[in-house]
>>> print(open('input_23.csv').read())   # CSV, C-alpha atoms
chain,number,residue,atom,x,y,z
Y,1,GLN,CA,0.0,0.0,0.0
Y,2,LEU,CA,1.4,3.3,-1.1
Y,3,GLN,CA,1.0,6.0,1.5
Y,4,LEU,CA,0.5,9.7,0.5
Y,5,VAL,CA,0.4,12.5,3.1
Y,6,GLU,CA,-0.8,15.9,2.2
Y,7,SER,CA,0.0,19.0,4.3
Y,8,GLY,CA,-0.1,22.8,4.0
Y,9,GLY,CA,-3.7,23.6,4.0
Y,10,GLY,CA,-5.3,26.3,6.0
Y,11,LEU,CA,-7.2,29.6,6.0
Y,12,VAL,CA,-6.1,32.3,3.7
Y,13,GLN,CA,-7.6,35.6,2.6
Y,14,PRO,CA,-8.7,36.2,-1.1
Y,15,GLY,CA,-5.6,36.9,-3.2
Y,16,GLY,CA,-3.4,35.0,-0.9
Y,17,SER,CA,-1.2,32.0,-1.4
Y,18,LEU,CA,-0.6,28.6,0.0
Y,19,ARG,CA,1.7,25.7,-0.9
Y,20,LEU,CA,0.4,22.2,-0.5
Y,21,SER,CA,2.8,19.3,-0.1
Y,22,CYS,CA,2.2,15.6,-0.9
Y,23,THR,CA,4.9,13.3,0.5
Y,24,ALA,CA,5.5,9.8,-0.7
Y,25,PRO,CA,8.1,7.1,-0.5
Y,26,LYS,CA,11.3,7.9,-2.3
Y,27,SER,CA,10.9,5.8,-5.4
Y,28,THR,CA,7.2,6.7,-6.0
Y,29,LEU,CA,7.9,9.5,-8.5
Y,30,ASP,CA,9.9,7.1,-10.7
Y,31,TYR,CA,6.8,5.1,-11.5
Y,32,PHE,CA,3.8,7.1,-10.5
Y,33,SER,CA,2.3,10.3,-11.8
Y,34,ILE,CA,0.9,12.5,-9.1
Y,35,GLY,CA,-2.4,14.4,-9.4
Y,36,TRP,CA,-4.0,17.0,-7.3
Y,37,PHE,CA,-7.8,16.9,-6.9
Y,38,ARG,CA,-10.2,19.0,-4.8
Y,39,GLN,CA,-13.7,18.5,-3.6
Y,40,ALA,CA,-15.9,21.3,-2.3
Y,41,PRO,CA,-19.0,20.6,-0.3
Y,42,GLY,CA,-21.8,19.3,-2.4
Y,43,LYS,CA,-19.6,19.0,-5.5
Y,44,GLU,CA,-17.8,16.2,-7.3
Y,45,ARG,CA,-14.1,15.7,-7.0
Y,46,GLU,CA,-12.3,17.8,-9.5
Y,47,GLY,CA,-8.9,17.1,-11.0
Y,48,ILE,CA,-6.9,20.3,-11.2
Y,49,ALA,CA,-3.2,19.4,-11.8
Y,50,CYS,CA,-0.9,16.5,-12.6
Y,51,ILE,CA,2.8,15.9,-13.0
Y,52,THR,CA,3.9,12.8,-14.9
Y,53,SER,CA,6.4,10.2,-13.8
Y,54,SER,CA,8.3,9.8,-17.0
Y,55,ASN,CA,9.4,13.4,-17.8
Y,56,GLY,CA,7.6,15.7,-15.4
Y,57,THR,CA,5.0,17.0,-18.0
Y,58,THR,CA,2.4,19.0,-16.2
Y,59,TYR,CA,-1.3,19.4,-16.9
Y,60,TYR,CA,-3.7,22.0,-15.4
Y,61,ALA,CA,-7.4,22.5,-15.3
Y,62,GLU,CA,-8.4,25.7,-17.0
Y,63,VAL,CA,-9.9,27.0,-13.7
Y,64,VAL,CA,-6.4,27.0,-12.0
Y,65,GLU,CA,-4.0,27.5,-14.9
Y,66,GLY,CA,-1.8,30.5,-14.4
Y,67,ARG,CA,-2.5,30.6,-10.7
Y,68,PHE,CA,-1.4,27.1,-9.5
Y,69,THR,CA,1.9,25.4,-10.2
Y,70,ILE,CA,2.7,21.7,-9.6
Y,71,SER,CA,6.3,20.6,-9.1
Y,72,LYS,CA,8.2,17.7,-7.6
Y,73,ASP,CA,11.3,17.3,-5.5
Y,74,ALA,CA,12.9,13.9,-5.6
Y,75,ALA,CA,16.4,14.9,-4.5
Y,76,GLY,CA,15.8,16.1,-1.0
Y,77,ASP,CA,15.1,13.8,1.9
Y,78,SER,CA,16.7,10.4,1.2
Y,79,ALA,CA,13.6,8.5,2.3
Y,80,LYS,CA,10.8,10.4,0.6
Y,81,SER,CA,9.8,12.5,-2.3
Y,82,THR,CA,7.5,15.5,-2.4
Y,83,VAL,CA,5.1,17.0,-4.9
Y,84,TYR,CA,4.1,20.6,-4.3
Y,85,LEU,CA,1.1,22.6,-5.4
Y,86,GLN,CA,1.8,26.3,-5.2
Y,87,MET,CA,-1.5,28.1,-5.2
Y,88,ASN,CA,-1.5,31.9,-5.8
Y,89,ASP,CA,-4.3,34.4,-6.1
Y,90,LEU,CA,-6.6,32.2,-4.2
Y,91,GLN,CA,-10.3,32.9,-4.3
Y,92,PRO,CA,-13.3,31.8,-2.3
Y,93,GLU,CA,-14.3,29.4,-5.0
Y,94,ASP,CA,-11.0,27.5,-4.4
Y,95,THR,CA,-12.3,26.5,-1.0
Y,96,ALA,CA,-12.2,22.7,-0.8
Y,97,VAL,CA,-10.5,19.6,0.5
Y,98,TYR,CA,-7.5,19.0,-1.6
Y,99,TYR,CA,-6.2,15.5,-2.3
Y,100,CYS,CA,-3.1,14.2,-3.9
Y,101,ALA,CA,-3.2,10.9,-5.7
Y,102,ALA,CA,-0.8,8.5,-7.4
Y,103,GLY,CA,-1.3,6.7,-10.7
Y,104,PHE,CA,1.0,4.2,-12.3
Y,105,GLY,CA,2.6,5.4,-15.5
Y,106,ASP,CA,1.6,8.5,-17.4
Y,107,PRO,CA,-2.0,9.6,-18.0
Y,108,SER,CA,-3.0,11.0,-21.4
Y,109,PRO,CA,-3.6,14.8,-21.6
Y,110,THR,CA,-7.3,14.1,-21.5
Y,111,HIS,CA,-7.2,11.7,-18.6
Y,112,TYR,CA,-5.0,13.3,-16.0
Y,113,ASN,CA,-8.1,14.6,-14.2
Y,114,ILE,CA,-9.9,11.3,-14.2
Y,115,PRO,CA,-10.0,9.8,-10.7
Y,116,ASN,CA,-10.0,6.2,-12.0
Y,117,PHE,CA,-6.4,6.6,-13.3
Y,118,TYR,CA,-5.2,7.0,-9.8
Y,119,HIS,CA,-4.6,4.0,-7.5
Y,120,TYR,CA,-3.6,5.7,-4.2
Y,121,TRP,CA,-5.0,8.7,-2.4
Y,122,GLY,CA,-4.0,10.8,0.5
Y,123,GLN,CA,-6.3,11.8,3.3
Y,124,GLY,CA,-6.9,15.4,2.1
Y,125,THR,CA,-6.1,18.8,3.5
Y,126,GLN,CA,-8.6,21.6,3.9
Y,127,VAL,CA,-8.1,24.9,2.1
Y,128,THR,CA,-10.4,27.7,3.1
Y,129,VAL,CA,-10.3,31.1,1.3
Y,130,SER,CA,-12.3,33.7,3.2
Y,131,SER,CA,-12.0,37.3,4.4
>>> encode(input="input_23.csv", output="structure tokens")
Amino acid sequence: QLQLVESGGGLVQPGGSLRLSCTAPKSTLDYFSIGWFRQAPGKEREGIACITSSNGTTYYAEVVEGRFTISKDAAGDSAKSTVYLQMNDLQPEDTAVYYCAAGFGDPSPTHYNIPNFYHYWGQGTQVTVSS
């Protein structure tokens, strides 16, 4: 079982920034693409970003493109790797529980946001944007 741990959520004012982290075992990023999803109350889970395992290609949902950046760090801690989601210019509609997920191999550009591609999920971290 692959364990993913998200952190970095919190309360931020509109226009503010947060950086979410998704920590996984060291070798994860060699084989698994990592996606970020979010789910607001009463809404379906929405795929917003992905970074592929093979070459680090990134995909973004239109609703976050230009504001959010996904990146990965596999060279730091010797025992784990981290994928980040830098979120800038946050707005109240970004309020949701944010999840990272790992899927084996690379998704196609049209499937990076499909939950069924991903095999493992973190527990989620709450992001609230409010004044």
>>> atom_distance(input="input_23.csv", atom1="CA of Trp121 in chain Y", atom2="CA of Asp89 in chain Y")
26.0 Å
>>> residues_near_point(input="input_23.csv", point="(-7.4, 24.0, 3.6)", cutoff="10 Å", atoms="all atoms listed in the file", output="count of residues only")
19
>>> residues_around(input="input_23.csv", residues="Gly16 in chain Y", least_positions_apart="6", cutoff="8 Å", atoms="all atoms listed in the file", output="tab-separated table (two decimals) with C-alpha atoms, keeping the file's coordinate frame")
chain	number	residue	atom	x	y	z
Y	88	ASN	CA	-1.50	31.90	-5.80
Y	89	ASP	CA	-4.30	34.40	-6.10
Y	90	LEU	CA	-6.60	32.20	-4.20
Y	91	GLN	CA	-10.30	32.90	-4.30
>>> atom_distance(input="input_23.csv", atom1="CA of Ser53 in chain Y", atom2="CA of Ser81 in chain Y")
12.2 Å
>>> closest_residue(input="input_23.csv", among="Y:Ser33, Y:Thr23, Y:Gln1, Y:Ser131", to="Asp73 in chain Y", atoms="only C-alpha atoms")
Y:Thr23
>>> closest_atom_pairs(input="input_23.csv", of="range 34-89 of chain Y", to="range 107-117 of chain Y", cutoff="9 Å", atoms="all atoms listed in the file", output="JSON lines")
{"residue": "Y:Gly35", "atom": "CA", "partner": "Y:Tyr112", "partner_atom": "CA", "distance": 7.2}
{"residue": "Y:Trp36", "atom": "CA", "partner": "Y:Asn113", "partner_atom": "CA", "distance": 8.4}
{"residue": "Y:Phe37", "atom": "CA", "partner": "Y:Asn113", "partner_atom": "CA", "distance": 7.7}
{"residue": "Y:Arg45", "atom": "CA", "partner": "Y:Pro115", "partner_atom": "CA", "distance": 8.1}
{"residue": "Y:Glu46", "atom": "CA", "partner": "Y:Asn113", "partner_atom": "CA", "distance": 7.1}
{"residue": "Y:Gly47", "atom": "CA", "partner": "Y:Asn113", "partner_atom": "CA", "distance": 4.1}
{"residue": "Y:Ile48", "atom": "CA", "partner": "Y:Asn113", "partner_atom": "CA", "distance": 6.6}
{"residue": "Y:Ala49", "atom": "CA", "partner": "Y:Asn113", "partner_atom": "CA", "distance": 7.3}
{"residue": "Y:Cys50", "atom": "CA", "partner": "Y:Tyr112", "partner_atom": "CA", "distance": 6.2}
{"residue": "Y:Ile51", "atom": "CA", "partner": "Y:Tyr112", "partner_atom": "CA", "distance": 8.8}
{"residue": "Y:Thr52", "atom": "CA", "partner": "Y:Pro107", "partner_atom": "CA", "distance": 7.4}
{"residue": "Y:Tyr59", "atom": "CA", "partner": "Y:Pro109", "partner_atom": "CA", "distance": 7.0}
{"residue": "Y:Tyr60", "atom": "CA", "partner": "Y:Asn113", "partner_atom": "CA", "distance": 8.7}
{"residue": "Y:Ala61", "atom": "CA", "partner": "Y:Asn113", "partner_atom": "CA", "distance": 8.0}
>>> atom_distance(input="input_23.csv", atom1="CA of Ala102 in chain Y", atom2="CA of Leu29 in chain Y")
8.8 Å
>>> axis_aligned_box(input="input_23.csv", around="range 4-20 of chain Y", padding_each_side="6 Å", output="lines of an AutoDock Vina configuration file")
center_x = -3.5
center_y = 23.3
center_z = 1.4
size_x = 22.4
size_y = 39.2
size_z = 21.2
>>> closest_residue(input="input_23.csv", among="Y:Arg19, Y:Pro14, Y:Gly103, Y:Arg38", to="Gln123 in chain Y", atoms="all atoms listed in the file")
Y:Arg38
>>> closest_residue(input="input_23.csv", among="Y:Ser27, Y:Lys43, Y:Gln3, Y:Ser21", to="Gln86 in chain Y", atoms="only C-alpha atoms")
Y:Ser21
>>> closest_residue(input="input_23.csv", among="Y:Glu44, Y:Pro25, Y:Val83, Y:Glu93", to="Val64 in chain Y", atoms="all atoms listed in the file")
Y:Glu93
>>> decode(input="input_23.csv", residues="range 8-19 of chain Y", atoms="all heavy atoms", output="mmCIF file, in the first residue's frame")
data_model
loop_
_atom_site.group_PDB
_atom_site.id
_atom_site.type_symbol
_atom_site.label_atom_id
_atom_site.label_comp_id
_atom_site.auth_asym_id
_atom_site.auth_seq_id
_atom_site.Cartn_x
_atom_site.Cartn_y
_atom_site.Cartn_z
ATOM 1 N N GLY Y 8 -0.166 21.436 4.462
ATOM 2 C CA GLY Y 8 -0.052 22.799 3.970
ATOM 3 C C GLY Y 8 -1.360 23.545 3.805
ATOM 4 O O GLY Y 8 -1.353 24.728 3.464
ATOM 5 N N GLY Y 9 -2.475 22.890 4.057
ATOM 6 C CA GLY Y 9 -3.746 23.575 3.952
ATOM 7 C C GLY Y 9 -3.937 24.566 5.095
ATOM 8 O O GLY Y 9 -3.148 24.621 6.039
ATOM 9 N N GLY Y 10 -5.005 25.352 4.973
ATOM 10 C CA GLY Y 10 -5.289 26.320 6.020
ATOM 11 C C GLY Y 10 -6.264 27.368 5.554
ATOM 12 O O GLY Y 10 -6.918 27.222 4.512
ATOM 13 N N LEU Y 11 -6.340 28.429 6.336
ATOM 14 C CA LEU Y 11 -7.220 29.556 6.048
ATOM 15 C C LEU Y 11 -6.393 30.697 5.462
ATOM 16 O O LEU Y 11 -5.348 31.065 6.025
ATOM 17 C CB LEU Y 11 -7.909 30.019 7.335
ATOM 18 C CG LEU Y 11 -8.750 31.296 7.248
ATOM 19 C CD1 LEU Y 11 -9.939 31.102 6.318
ATOM 20 C CD2 LEU Y 11 -9.207 31.717 8.646
ATOM 21 N N VAL Y 12 -6.849 31.235 4.357
ATOM 22 C CA VAL Y 12 -6.126 32.321 3.690
ATOM 23 C C VAL Y 12 -7.140 33.325 3.160
ATOM 24 O O VAL Y 12 -8.271 32.960 2.821
ATOM 25 C CB VAL Y 12 -5.225 31.768 2.561
ATOM 26 C CG1 VAL Y 12 -6.041 31.128 1.453
ATOM 27 C CG2 VAL Y 12 -4.296 32.832 2.017
ATOM 28 N N GLN Y 13 -6.735 34.574 3.102
ATOM 29 C CA GLN Y 13 -7.610 35.605 2.563
ATOM 30 C C GLN Y 13 -7.605 35.585 1.037
ATOM 31 O O GLN Y 13 -6.636 35.123 0.428
ATOM 32 C CB GLN Y 13 -7.159 36.977 3.062
ATOM 33 C CG GLN Y 13 -7.345 37.179 4.555
ATOM 34 C CD GLN Y 13 -7.025 38.597 4.982
ATOM 35 O OE1 GLN Y 13 -6.379 39.351 4.263
ATOM 36 N NE2 GLN Y 13 -7.489 38.966 6.168
ATOM 37 N N PRO Y 14 -8.666 36.078 0.416
ATOM 38 C CA PRO Y 14 -8.673 36.170 -1.054
ATOM 39 C C PRO Y 14 -7.447 36.921 -1.569
ATOM 40 O O PRO Y 14 -7.055 37.939 -0.997
ATOM 41 C CB PRO Y 14 -9.962 36.925 -1.342
ATOM 42 C CG PRO Y 14 -10.855 36.588 -0.192
ATOM 43 C CD PRO Y 14 -9.944 36.500 1.006
ATOM 44 N N GLY Y 15 -6.861 36.380 -2.621
ATOM 45 C CA GLY Y 15 -5.643 36.948 -3.174
ATOM 46 C C GLY Y 15 -4.377 36.390 -2.565
ATOM 47 O O GLY Y 15 -3.276 36.664 -3.057
ATOM 48 N N GLY Y 16 -4.520 35.610 -1.526
ATOM 49 C CA GLY Y 16 -3.358 35.041 -0.852
ATOM 50 C C GLY Y 16 -2.846 33.776 -1.512
ATOM 51 O O GLY Y 16 -3.360 33.335 -2.541
ATOM 52 N N SER Y 17 -1.827 33.198 -0.895
ATOM 53 C CA SER Y 17 -1.156 32.021 -1.448
ATOM 54 C C SER Y 17 -1.004 30.932 -0.381
ATOM 55 O O SER Y 17 -0.916 31.232 0.813
ATOM 56 C CB SER Y 17 0.238 32.392 -1.964
ATOM 57 O OG SER Y 17 0.163 33.322 -3.019
ATOM 58 N N LEU Y 18 -0.952 29.714 -0.848
ATOM 59 C CA LEU Y 18 -0.621 28.562 -0.014
ATOM 60 C C LEU Y 18 0.195 27.598 -0.862
ATOM 61 O O LEU Y 18 0.059 27.557 -2.091
ATOM 62 C CB LEU Y 18 -1.880 27.830 0.468
ATOM 63 C CG LEU Y 18 -2.694 28.429 1.612
ATOM 64 C CD1 LEU Y 18 -3.955 27.599 1.832
ATOM 65 C CD2 LEU Y 18 -1.885 28.493 2.897
ATOM 66 N N ARG Y 19 1.028 26.795 -0.184
ATOM 67 C CA ARG Y 19 1.729 25.727 -0.877
ATOM 68 C C ARG Y 19 1.385 24.407 -0.197
ATOM 69 O O ARG Y 19 1.676 24.217 0.987
ATOM 70 C CB ARG Y 19 3.237 25.926 -0.869
ATOM 71 C CG ARG Y 19 3.953 24.904 -1.757
ATOM 72 C CD ARG Y 19 5.450 25.137 -1.843
ATOM 73 N NE ARG Y 19 6.147 24.682 -0.658
ATOM 74 C CZ ARG Y 19 7.462 24.468 -0.601
ATOM 75 N NH1 ARG Y 19 8.205 24.677 -1.677
ATOM 76 N NH2 ARG Y 19 8.025 24.076 0.529
#
